[in-house]
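Heads up, work.txt below (compact mmCIF, N, CA and C atoms):
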# COMPACT_ATOMS: atom_id res chain seq x y z
N MET T 1 154.65 -83.31 32.65
CA MET T 1 154.03 -82.32 31.78
C MET T 1 155.08 -81.63 30.91
N GLN T 2 156.23 -81.26 31.51
CA GLN T 2 157.27 -80.57 30.74
C GLN T 2 157.84 -81.46 29.65
N SER T 3 158.02 -82.74 29.93
CA SER T 3 158.57 -83.64 28.91
C SER T 3 157.61 -83.78 27.74
N LEU T 4 156.31 -83.80 28.03
CA LEU T 4 155.32 -83.86 26.96
C LEU T 4 155.37 -82.59 26.12
N LEU T 5 155.49 -81.43 26.77
CA LEU T 5 155.60 -80.16 26.07
C LEU T 5 156.85 -80.12 25.20
N ASP T 6 157.98 -80.59 25.73
CA ASP T 6 159.22 -80.63 24.96
C ASP T 6 159.09 -81.55 23.75
N GLU T 7 158.44 -82.67 23.95
CA GLU T 7 158.23 -83.62 22.85
C GLU T 7 157.35 -83.01 21.76
N LEU T 8 156.30 -82.30 22.16
CA LEU T 8 155.42 -81.65 21.19
C LEU T 8 156.14 -80.54 20.44
N LYS T 9 156.99 -79.78 21.12
CA LYS T 9 157.76 -78.73 20.45
C LYS T 9 158.74 -79.31 19.45
N GLU T 10 159.34 -80.45 19.78
CA GLU T 10 160.24 -81.12 18.86
C GLU T 10 159.48 -81.59 17.62
N MET T 11 158.28 -82.15 17.85
CA MET T 11 157.45 -82.59 16.74
C MET T 11 157.05 -81.39 15.87
N GLN T 12 156.71 -80.28 16.51
CA GLN T 12 156.35 -79.07 15.80
C GLN T 12 157.50 -78.59 14.92
N ALA T 13 158.71 -78.60 15.46
CA ALA T 13 159.89 -78.16 14.70
C ALA T 13 160.12 -79.07 13.49
N LYS T 14 160.00 -80.37 13.70
CA LYS T 14 160.18 -81.31 12.59
C LYS T 14 159.12 -81.09 11.51
N LEU T 15 157.88 -80.90 11.94
CA LEU T 15 156.79 -80.67 11.01
C LEU T 15 156.99 -79.36 10.24
N SER T 16 157.42 -78.33 10.92
CA SER T 16 157.69 -77.04 10.26
C SER T 16 158.78 -77.20 9.20
N ALA T 17 159.82 -77.95 9.51
CA ALA T 17 160.90 -78.18 8.54
C ALA T 17 160.39 -78.92 7.31
N ILE T 18 159.53 -79.89 7.52
CA ILE T 18 158.96 -80.65 6.41
C ILE T 18 158.09 -79.74 5.55
N ILE T 19 157.29 -78.90 6.18
CA ILE T 19 156.41 -77.99 5.45
C ILE T 19 157.23 -77.02 4.61
N VAL T 20 158.29 -76.45 5.19
CA VAL T 20 159.15 -75.53 4.44
C VAL T 20 159.77 -76.22 3.24
N ARG T 21 160.27 -77.45 3.43
CA ARG T 21 160.88 -78.19 2.33
C ARG T 21 159.88 -78.48 1.23
N LEU T 22 158.68 -78.89 1.60
CA LEU T 22 157.65 -79.19 0.60
C LEU T 22 157.22 -77.93 -0.15
N GLU T 23 157.10 -76.82 0.56
CA GLU T 23 156.75 -75.58 -0.10
C GLU T 23 157.84 -75.15 -1.07
N ALA T 24 159.09 -75.33 -0.68
CA ALA T 24 160.21 -74.97 -1.56
C ALA T 24 160.19 -75.84 -2.82
N GLU T 25 159.93 -77.13 -2.65
CA GLU T 25 159.86 -78.02 -3.81
C GLU T 25 158.71 -77.63 -4.71
N HIS T 26 157.60 -77.25 -4.11
CA HIS T 26 156.42 -76.86 -4.89
C HIS T 26 156.65 -75.56 -5.64
N ASN T 27 157.46 -74.67 -5.09
CA ASN T 27 157.69 -73.37 -5.70
C ASN T 27 158.84 -73.36 -6.70
N THR T 28 159.47 -74.48 -6.91
CA THR T 28 160.57 -74.55 -7.87
C THR T 28 160.01 -74.40 -9.28
N VAL T 29 160.66 -73.55 -10.04
CA VAL T 29 160.24 -73.27 -11.41
C VAL T 29 161.36 -73.68 -12.36
N THR T 30 161.00 -74.26 -13.47
CA THR T 30 161.96 -74.54 -14.53
C THR T 30 161.48 -73.81 -15.78
N ALA T 31 162.37 -73.01 -16.34
CA ALA T 31 162.04 -72.24 -17.55
C ALA T 31 163.28 -72.15 -18.42
N THR T 32 163.07 -71.90 -19.68
CA THR T 32 164.22 -71.74 -20.57
C THR T 32 164.88 -70.40 -20.30
N LEU T 33 166.14 -70.34 -20.57
CA LEU T 33 166.89 -69.10 -20.40
C LEU T 33 166.31 -68.00 -21.28
N ALA T 34 165.94 -68.34 -22.49
CA ALA T 34 165.36 -67.35 -23.42
C ALA T 34 164.07 -66.78 -22.86
N GLU T 35 163.22 -67.62 -22.29
CA GLU T 35 161.95 -67.14 -21.74
C GLU T 35 162.18 -66.23 -20.53
N ILE T 36 163.09 -66.62 -19.66
CA ILE T 36 163.41 -65.79 -18.50
C ILE T 36 163.90 -64.43 -18.94
N ARG T 37 164.82 -64.42 -19.89
CA ARG T 37 165.36 -63.15 -20.38
C ARG T 37 164.29 -62.27 -21.01
N ARG T 38 163.43 -62.87 -21.79
CA ARG T 38 162.36 -62.12 -22.47
C ARG T 38 161.43 -61.48 -21.45
N VAL T 39 161.01 -62.25 -20.46
CA VAL T 39 160.05 -61.75 -19.48
C VAL T 39 160.73 -60.82 -18.47
N ALA T 40 162.01 -61.04 -18.18
CA ALA T 40 162.71 -60.21 -17.19
C ALA T 40 162.71 -58.74 -17.61
N VAL T 41 162.93 -58.47 -18.88
CA VAL T 41 162.92 -57.08 -19.35
C VAL T 41 161.53 -56.48 -19.14
N LEU T 42 160.49 -57.22 -19.49
CA LEU T 42 159.13 -56.73 -19.29
C LEU T 42 158.82 -56.54 -17.82
N GLU T 43 159.28 -57.46 -16.98
CA GLU T 43 159.07 -57.35 -15.53
C GLU T 43 159.72 -56.09 -14.98
N GLU T 44 160.92 -55.79 -15.44
CA GLU T 44 161.61 -54.58 -14.98
C GLU T 44 160.81 -53.33 -15.36
N ILE T 45 160.28 -53.31 -16.58
CA ILE T 45 159.49 -52.17 -17.03
C ILE T 45 158.19 -52.07 -16.22
N TYR T 46 157.58 -53.20 -15.97
CA TYR T 46 156.36 -53.25 -15.15
C TYR T 46 156.64 -52.68 -13.76
N ARG T 47 157.74 -53.10 -13.16
CA ARG T 47 158.10 -52.62 -11.82
C ARG T 47 158.44 -51.13 -11.81
N ALA T 48 158.85 -50.61 -12.95
CA ALA T 48 159.17 -49.18 -13.06
C ALA T 48 157.91 -48.35 -13.34
N GLY T 49 156.77 -48.97 -13.31
CA GLY T 49 155.52 -48.24 -13.54
C GLY T 49 154.96 -48.37 -14.94
N GLY T 50 155.63 -49.15 -15.78
CA GLY T 50 155.12 -49.41 -17.12
C GLY T 50 155.66 -48.49 -18.20
N THR T 51 156.42 -47.47 -17.80
CA THR T 51 156.99 -46.53 -18.78
C THR T 51 158.44 -46.26 -18.42
N VAL T 52 159.32 -46.42 -19.39
CA VAL T 52 160.76 -46.17 -19.19
C VAL T 52 161.33 -45.53 -20.45
N THR T 53 162.59 -45.16 -20.40
CA THR T 53 163.26 -44.61 -21.58
C THR T 53 163.81 -45.75 -22.43
N ALA T 54 164.14 -45.44 -23.67
CA ALA T 54 164.76 -46.43 -24.55
C ALA T 54 166.08 -46.91 -23.96
N LYS T 55 166.82 -45.99 -23.35
CA LYS T 55 168.10 -46.34 -22.72
C LYS T 55 167.90 -47.35 -21.59
N GLU T 56 166.83 -47.17 -20.81
CA GLU T 56 166.54 -48.11 -19.73
C GLU T 56 166.20 -49.50 -20.28
N VAL T 57 165.47 -49.54 -21.36
CA VAL T 57 165.16 -50.84 -21.99
C VAL T 57 166.46 -51.53 -22.39
N SER T 58 167.37 -50.77 -22.99
CA SER T 58 168.67 -51.33 -23.39
C SER T 58 169.46 -51.82 -22.17
N CYS T 59 169.44 -51.06 -21.09
CA CYS T 59 170.14 -51.46 -19.86
C CYS T 59 169.55 -52.74 -19.28
N PHE T 60 168.21 -52.85 -19.28
CA PHE T 60 167.57 -54.07 -18.80
C PHE T 60 167.98 -55.26 -19.66
N ALA T 61 168.01 -55.07 -20.97
CA ALA T 61 168.41 -56.14 -21.87
C ALA T 61 169.82 -56.62 -21.54
N GLU T 62 170.74 -55.69 -21.40
CA GLU T 62 172.13 -56.05 -21.10
C GLU T 62 172.25 -56.73 -19.74
N LYS T 63 171.48 -56.27 -18.77
CA LYS T 63 171.49 -56.86 -17.42
C LYS T 63 171.16 -58.35 -17.48
N TYR T 64 170.29 -58.73 -18.42
CA TYR T 64 169.85 -60.12 -18.52
C TYR T 64 170.50 -60.86 -19.69
N GLY T 65 171.66 -60.40 -20.13
CA GLY T 65 172.43 -61.14 -21.12
C GLY T 65 171.94 -61.01 -22.55
N LYS T 66 171.12 -60.02 -22.83
CA LYS T 66 170.61 -59.78 -24.19
C LYS T 66 171.33 -58.58 -24.78
N THR T 67 171.28 -58.46 -26.08
CA THR T 67 171.82 -57.26 -26.72
C THR T 67 170.69 -56.24 -26.83
N PRO T 68 171.01 -54.95 -26.78
CA PRO T 68 169.95 -53.95 -26.92
C PRO T 68 169.16 -54.10 -28.22
N SER T 69 169.82 -54.50 -29.28
CA SER T 69 169.10 -54.66 -30.56
C SER T 69 168.08 -55.80 -30.50
N SER T 70 168.27 -56.73 -29.59
CA SER T 70 167.33 -57.85 -29.48
C SER T 70 165.98 -57.41 -28.94
N THR T 71 165.89 -56.20 -28.42
CA THR T 71 164.62 -55.72 -27.88
C THR T 71 163.64 -55.30 -28.98
N ALA T 72 164.09 -55.26 -30.21
CA ALA T 72 163.21 -54.87 -31.32
C ALA T 72 161.98 -55.77 -31.39
N GLY T 73 162.14 -57.02 -31.03
CA GLY T 73 161.02 -57.97 -31.07
C GLY T 73 159.87 -57.60 -30.14
N TYR T 74 160.15 -56.84 -29.11
CA TYR T 74 159.09 -56.42 -28.20
C TYR T 74 158.10 -55.47 -28.87
N TYR T 75 158.54 -54.78 -29.93
CA TYR T 75 157.73 -53.77 -30.58
C TYR T 75 157.02 -54.27 -31.84
N SER T 76 157.27 -55.52 -32.21
CA SER T 76 156.75 -56.01 -33.49
C SER T 76 155.71 -57.11 -33.30
N GLY T 77 155.15 -57.54 -34.40
CA GLY T 77 154.16 -58.62 -34.38
C GLY T 77 152.75 -58.09 -34.22
N ASN T 78 151.80 -59.02 -34.21
CA ASN T 78 150.39 -58.66 -34.08
C ASN T 78 150.06 -58.11 -32.71
N LYS T 79 150.78 -58.57 -31.69
CA LYS T 79 150.53 -58.13 -30.32
C LYS T 79 151.85 -57.74 -29.66
N PRO T 80 152.38 -56.57 -29.98
CA PRO T 80 153.65 -56.15 -29.38
C PRO T 80 153.50 -55.95 -27.87
N SER T 81 154.57 -56.20 -27.14
CA SER T 81 154.53 -56.04 -25.69
C SER T 81 155.02 -54.66 -25.26
N LEU T 82 155.67 -53.94 -26.15
CA LEU T 82 156.11 -52.57 -25.90
C LEU T 82 155.74 -51.68 -27.07
N THR T 83 155.55 -50.41 -26.78
CA THR T 83 155.32 -49.42 -27.82
C THR T 83 156.01 -48.12 -27.42
N ALA T 84 156.25 -47.28 -28.40
CA ALA T 84 156.82 -45.97 -28.11
C ALA T 84 155.69 -45.01 -27.75
N SER T 85 156.00 -44.08 -26.86
CA SER T 85 155.01 -43.06 -26.50
C SER T 85 154.78 -42.14 -27.71
N GLU T 86 153.75 -41.33 -27.63
CA GLU T 86 153.43 -40.44 -28.75
C GLU T 86 154.58 -39.52 -29.10
N ASP T 87 155.31 -39.04 -28.10
CA ASP T 87 156.44 -38.14 -28.37
C ASP T 87 157.73 -38.91 -28.67
N ARG T 88 157.63 -40.26 -28.66
CA ARG T 88 158.73 -41.18 -28.99
C ARG T 88 159.88 -41.14 -27.96
N LEU T 89 159.68 -40.47 -26.83
CA LEU T 89 160.73 -40.36 -25.82
C LEU T 89 160.70 -41.50 -24.81
N ALA T 90 159.56 -42.13 -24.66
CA ALA T 90 159.43 -43.20 -23.67
C ALA T 90 158.99 -44.50 -24.34
N ARG T 91 159.22 -45.58 -23.62
CA ARG T 91 158.76 -46.90 -24.07
C ARG T 91 157.73 -47.36 -23.05
N VAL T 92 156.59 -47.82 -23.56
CA VAL T 92 155.44 -48.11 -22.71
C VAL T 92 155.04 -49.57 -22.86
N LEU T 93 154.78 -50.21 -21.74
CA LEU T 93 154.30 -51.58 -21.72
C LEU T 93 152.88 -51.59 -22.28
N THR T 94 152.61 -52.43 -23.26
CA THR T 94 151.26 -52.54 -23.82
C THR T 94 150.43 -53.46 -22.92
N GLU T 95 149.17 -53.56 -23.22
CA GLU T 95 148.30 -54.49 -22.47
C GLU T 95 148.81 -55.92 -22.64
N THR T 96 149.29 -56.27 -23.82
CA THR T 96 149.86 -57.61 -24.03
C THR T 96 151.08 -57.81 -23.15
N GLY T 97 151.96 -56.82 -23.09
CA GLY T 97 153.14 -56.92 -22.24
C GLY T 97 152.78 -57.05 -20.78
N ARG T 98 151.79 -56.29 -20.35
CA ARG T 98 151.33 -56.36 -18.96
C ARG T 98 150.75 -57.73 -18.66
N MET T 99 150.00 -58.30 -19.59
CA MET T 99 149.41 -59.63 -19.38
C MET T 99 150.49 -60.70 -19.30
N ILE T 100 151.54 -60.58 -20.10
CA ILE T 100 152.66 -61.53 -20.03
C ILE T 100 153.27 -61.50 -18.64
N VAL T 101 153.52 -60.30 -18.14
CA VAL T 101 154.11 -60.15 -16.80
C VAL T 101 153.20 -60.76 -15.75
N LEU T 102 151.92 -60.44 -15.79
CA LEU T 102 150.99 -60.93 -14.78
C LEU T 102 150.83 -62.45 -14.84
N GLU T 103 150.83 -63.02 -16.03
CA GLU T 103 150.74 -64.48 -16.18
C GLU T 103 151.96 -65.16 -15.58
N LYS T 104 153.15 -64.60 -15.84
CA LYS T 104 154.37 -65.20 -15.30
C LYS T 104 154.45 -65.02 -13.79
N ARG T 105 153.96 -63.90 -13.28
CA ARG T 105 153.92 -63.70 -11.83
C ARG T 105 153.00 -64.73 -11.19
N GLU T 106 151.89 -65.02 -11.84
CA GLU T 106 150.96 -66.04 -11.34
C GLU T 106 151.63 -67.42 -11.35
N GLU T 107 152.33 -67.71 -12.42
CA GLU T 107 152.97 -69.02 -12.59
C GLU T 107 154.25 -69.17 -11.76
N TRP T 108 155.07 -68.13 -11.73
CA TRP T 108 156.39 -68.20 -11.11
C TRP T 108 156.47 -67.56 -9.73
N GLY T 109 155.48 -66.77 -9.35
CA GLY T 109 155.50 -66.03 -8.10
C GLY T 109 155.95 -64.60 -8.34
N GLU T 110 155.46 -63.69 -7.54
CA GLU T 110 155.78 -62.28 -7.73
C GLU T 110 157.25 -61.96 -7.52
N ASP T 111 157.94 -62.80 -6.75
CA ASP T 111 159.35 -62.56 -6.44
C ASP T 111 160.29 -63.32 -7.37
N TRP T 112 159.78 -63.80 -8.49
CA TRP T 112 160.57 -64.67 -9.35
C TRP T 112 161.87 -64.02 -9.80
N LEU T 113 161.85 -62.75 -10.06
CA LEU T 113 163.05 -62.08 -10.58
C LEU T 113 164.17 -62.07 -9.54
N GLU T 114 163.81 -62.03 -8.27
CA GLU T 114 164.83 -62.08 -7.21
C GLU T 114 165.39 -63.49 -7.04
N ARG T 115 164.67 -64.50 -7.53
CA ARG T 115 165.10 -65.88 -7.35
C ARG T 115 165.90 -66.46 -8.52
N VAL T 116 165.89 -65.78 -9.67
CA VAL T 116 166.62 -66.34 -10.82
C VAL T 116 168.13 -66.28 -10.56
N PRO T 117 168.86 -67.28 -10.99
CA PRO T 117 170.31 -67.28 -10.80
C PRO T 117 170.99 -66.33 -11.79
N MET T 118 171.29 -65.14 -11.32
CA MET T 118 171.84 -64.11 -12.20
C MET T 118 173.19 -64.50 -12.80
N GLU T 119 173.95 -65.36 -12.13
CA GLU T 119 175.23 -65.77 -12.70
C GLU T 119 175.04 -66.51 -14.03
N ILE T 120 173.87 -67.09 -14.22
CA ILE T 120 173.54 -67.75 -15.49
C ILE T 120 172.80 -66.78 -16.41
N VAL T 121 171.75 -66.17 -15.88
CA VAL T 121 170.87 -65.33 -16.69
C VAL T 121 171.61 -64.12 -17.27
N SER T 122 172.49 -63.52 -16.49
CA SER T 122 173.18 -62.32 -16.97
C SER T 122 174.37 -62.62 -17.88
N ASN T 123 174.76 -63.88 -17.94
CA ASN T 123 175.91 -64.26 -18.76
C ASN T 123 175.50 -64.36 -20.23
N ALA T 124 175.95 -63.43 -21.03
CA ALA T 124 175.57 -63.38 -22.44
C ALA T 124 176.01 -64.63 -23.21
N TYR T 125 176.98 -65.37 -22.68
CA TYR T 125 177.46 -66.58 -23.35
C TYR T 125 176.61 -67.80 -23.03
N ALA T 126 175.78 -67.72 -22.01
CA ALA T 126 174.89 -68.84 -21.66
C ALA T 126 173.77 -68.89 -22.68
N ARG T 127 173.57 -70.04 -23.27
CA ARG T 127 172.56 -70.19 -24.31
C ARG T 127 171.81 -71.51 -24.14
N ASP T 128 170.60 -71.53 -24.68
CA ASP T 128 169.80 -72.76 -24.82
C ASP T 128 169.91 -73.69 -23.62
N THR T 129 169.49 -73.22 -22.49
CA THR T 129 169.50 -74.06 -21.31
C THR T 129 168.25 -73.82 -20.50
N GLU T 130 167.90 -74.79 -19.68
CA GLU T 130 166.80 -74.62 -18.74
C GLU T 130 167.38 -74.17 -17.42
N VAL T 131 166.66 -73.30 -16.75
CA VAL T 131 167.11 -72.74 -15.48
C VAL T 131 166.06 -73.08 -14.42
N VAL T 132 166.54 -73.50 -13.26
CA VAL T 132 165.65 -73.81 -12.14
C VAL T 132 165.83 -72.72 -11.10
N PHE T 133 164.71 -72.20 -10.65
CA PHE T 133 164.76 -71.17 -9.60
C PHE T 133 163.56 -71.26 -8.70

Turn the structure described in the file into structure tokens.
Amino acid sequence: MQSLLDELKEMQAKLSAIIVRLEAEHNTVTATLAEIRRVAVLEEIYRAGGTVTAKEVSCFAEKYGKTPSSTAGYYSGNKPSLTASEDRLARVLTETGRMIVLEKREEWGEDWLERVPMEIVSNAYARDTEVVF
């Protein structure tokens, strides 16, 4: 009886390892560096409650290898992802920005930001590459 139990436990361990490996392969995401950087800033704002200061937006941009001036694109176009508050002191995630974050969370997983390779993403010299995380 004990040998049968030991054999079943060994099979269980092997099966668990296979399941973990398959889940990891299934959860692998490939995205362009530009897309990761663009969404990372929005994700940070989303995690901060949807409202931050202009300085915080600049800090998020720099954290992900962008220049603060590159954040101007978030405020422009037909569907901007950020807007200034009425008193112009805060920056607020728009419904479009929130939808971008939620779509990427659905596609990449809610923990995607913790899984990106920061040694690549934060390097301002890294350009035009695909990143796997």

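Relative to atom N of Tyr64 of chain T, atom N of Pro117 of chain T is found at 11.4 Å.
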
Next on the checklist: The residues within 7 Å of (153.8, -48.7, -33.7), using all atoms listed in the file and the coordinates of the file, should be reported as a PyMOL selection string; which are they?
Outcome noted: chain T and resi 75+83-84

I'd like the neighbourhood of Ala126 of chain T as an mmCIF file with N, CA and C atoms, in the coordinates of the input, where a residue qualifies if any of its atoms comes within 8 Å (using all atoms listed in the file), though same-chain residues fewer than 6 positions away should be ignored.
data_model
loop_
_atom_site.group_PDB
_atom_site.id
_atom_site.type_symbol
_atom_site.label_atom_id
_atom_site.label_comp_id
_atom_site.auth_asym_id
_atom_site.auth_seq_id
_atom_site.Cartn_x
_atom_site.Cartn_y
_atom_site.Cartn_z
ATOM 1 N N LEU T 33 166.140 -70.340 -20.570
ATOM 2 C CA LEU T 33 166.890 -69.100 -20.400
ATOM 3 C C LEU T 33 166.310 -68.000 -21.280
ATOM 4 N N ALA T 34 165.940 -68.340 -22.490
ATOM 5 C CA ALA T 34 165.360 -67.350 -23.420
ATOM 6 C C ALA T 34 164.070 -66.780 -22.860
ATOM 7 N N GLY T 65 171.660 -60.400 -20.130
ATOM 8 C CA GLY T 65 172.430 -61.140 -21.120
ATOM 9 C C GLY T 65 171.940 -61.010 -22.550
ATOM 10 N N GLU T 119 173.950 -65.360 -12.130
ATOM 11 C CA GLU T 119 175.230 -65.770 -12.700
ATOM 12 C C GLU T 119 175.040 -66.510 -14.030
ATOM 13 N N ILE T 120 173.870 -67.090 -14.220
ATOM 14 C CA ILE T 120 173.540 -67.750 -15.490
ATOM 15 C C ILE T 120 172.800 -66.780 -16.410
#

Checklist entry - Which parts of segment 9-122 of chain T does DSSP call helix (DSSP H, G or I) when run on the backbone here, written out as number ranges by chain? => result T: 9-26, 33-47, 54-63, 68-75, 95-108, 112-115, 118-121

Item to check | Residues within 7 Å of (166.8, -48.8, -26.4), file coords, all atoms listed in the file, listed as a ChimeraX atom specification | outcome: /T:53-59,68

Checklist entry - Where in segment 40-125 of chain T does DSSP assign strand (DSSP E or B), given as a list of chain:residue names? => result T:Thr51, T:Val52, T:Thr53, T:Leu82, T:Thr83, T:Ala84, T:Ala90, T:Arg91, T:Val92, T:Leu93

Requested write-out: N, CA and C atoms of the selected residues, as an mmCIF file, in the frame of the given file:
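Listing of again_21.cif after writing:
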data_model
loop_
_atom_site.group_PDB
_atom_site.id
_atom_site.type_symbol
_atom_site.label_atom_id
_atom_site.label_comp_id
_atom_site.auth_asym_id
_atom_site.auth_seq_id
_atom_site.Cartn_x
_atom_site.Cartn_y
_atom_site.Cartn_z
ATOM 1 N N THR T 51 156.420 -47.470 -17.800
ATOM 2 C CA THR T 51 156.990 -46.530 -18.780
ATOM 3 C C THR T 51 158.440 -46.260 -18.420
ATOM 4 N N VAL T 52 159.320 -46.420 -19.390
ATOM 5 C CA VAL T 52 160.760 -46.170 -19.190
ATOM 6 C C VAL T 52 161.330 -45.530 -20.450
ATOM 7 N N THR T 53 162.590 -45.160 -20.400
ATOM 8 C CA THR T 53 163.260 -44.610 -21.580
ATOM 9 C C THR T 53 163.810 -45.750 -22.430
ATOM 10 N N LEU T 82 155.670 -53.940 -26.150
ATOM 11 C CA LEU T 82 156.110 -52.570 -25.900
ATOM 12 C C LEU T 82 155.740 -51.680 -27.070
ATOM 13 N N THR T 83 155.550 -50.410 -26.780
ATOM 14 C CA THR T 83 155.320 -49.420 -27.820
ATOM 15 C C THR T 83 156.010 -48.120 -27.420
ATOM 16 N N ALA T 84 156.250 -47.280 -28.400
ATOM 17 C CA ALA T 84 156.820 -45.970 -28.110
ATOM 18 C C ALA T 84 155.690 -45.010 -27.750
ATOM 19 N N ALA T 90 159.560 -42.130 -24.660
ATOM 20 C CA ALA T 90 159.430 -43.200 -23.670
ATOM 21 C C ALA T 90 158.990 -44.500 -24.340
ATOM 22 N N ARG T 91 159.220 -45.580 -23.620
ATOM 23 C CA ARG T 91 158.760 -46.900 -24.070
ATOM 24 C C ARG T 91 157.730 -47.360 -23.050
ATOM 25 N N VAL T 92 156.590 -47.820 -23.560
ATOM 26 C CA VAL T 92 155.440 -48.110 -22.710
ATOM 27 C C VAL T 92 155.040 -49.570 -22.860
ATOM 28 N N LEU T 93 154.780 -50.210 -21.740
ATOM 29 C CA LEU T 93 154.300 -51.580 -21.720
ATOM 30 C C LEU T 93 152.880 -51.590 -22.280
#

What's around Lys63 of chain T at 7 Å? Count all atoms listed in the file, leave out sequence neighbours fewer than 3 positions away in its own chain, and write the answer as a PDB file with N, CA and C atoms, in the frame of the given file.
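Result file part14.pdb:
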ATOM      1  N   SER T  58     167.370 -50.770 -22.990  1.00  0.00           N
ATOM      2  CA  SER T  58     168.670 -51.330 -23.390  1.00  0.00           C
ATOM      3  C   SER T  58     169.460 -51.820 -22.170  1.00  0.00           C
ATOM      4  N   CYS T  59     169.440 -51.060 -21.090  1.00  0.00           N
ATOM      5  CA  CYS T  59     170.140 -51.460 -19.860  1.00  0.00           C
ATOM      6  C   CYS T  59     169.550 -52.740 -19.280  1.00  0.00           C
ATOM      7  N   PHE T  60     168.210 -52.850 -19.280  1.00  0.00           N
ATOM      8  CA  PHE T  60     167.570 -54.070 -18.800  1.00  0.00           C
ATOM      9  C   PHE T  60     167.980 -55.260 -19.660  1.00  0.00           C
ATOM     10  N   LYS T  66     171.120 -60.020 -22.830  1.00  0.00           N
ATOM     11  CA  LYS T  66     170.610 -59.780 -24.190  1.00  0.00           C
ATOM     12  C   LYS T  66     171.330 -58.580 -24.780  1.00  0.00           C
ATOM     13  N   VAL T 121     171.750 -66.170 -15.880  1.00  0.00           N
ATOM     14  CA  VAL T 121     170.870 -65.330 -16.690  1.00  0.00           C
ATOM     15  C   VAL T 121     171.610 -64.120 -17.270  1.00  0.00           C
ATOM     16  N   SER T 122     172.490 -63.520 -16.490  1.00  0.00           N
ATOM     17  CA  SER T 122     173.180 -62.320 -16.970  1.00  0.00           C
ATOM     18  C   SER T 122     174.370 -62.620 -17.880  1.00  0.00           C
ATOM     19  N   ASN T 123     174.760 -63.880 -17.940  1.00  0.00           N
ATOM     20  CA  ASN T 123     175.910 -64.260 -18.760  1.00  0.00           C
ATOM     21  C   ASN T 123     175.500 -64.360 -20.230  1.00  0.00           C
TER      22      ASN T 123
END

Next on the checklist: Just to confirm, what's the straight-line distance from atom C of Met99 of chain T to atom CA of Thr71 of chain T in Å (one decimal)?
Outcome noted: 17.3 Å

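Here atom CA of Arg105 of chain T is placed at a distance of 13.8 Å from atom CA of Ile45 of chain T.
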
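The residue that comes closest to Tyr46 of chain T, out of T:Ala72, T:Leu93, T:Ala61, T:Ala31 and on the basis of all atoms listed in the file, is T:Leu93.
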
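Between Arg47 of chain T and the candidates T:Arg98, T:Arg127, T:Arg88, T:Lys79, the tightest atom-to-atom separation, counting only C-alpha atoms, involves T:Arg98.
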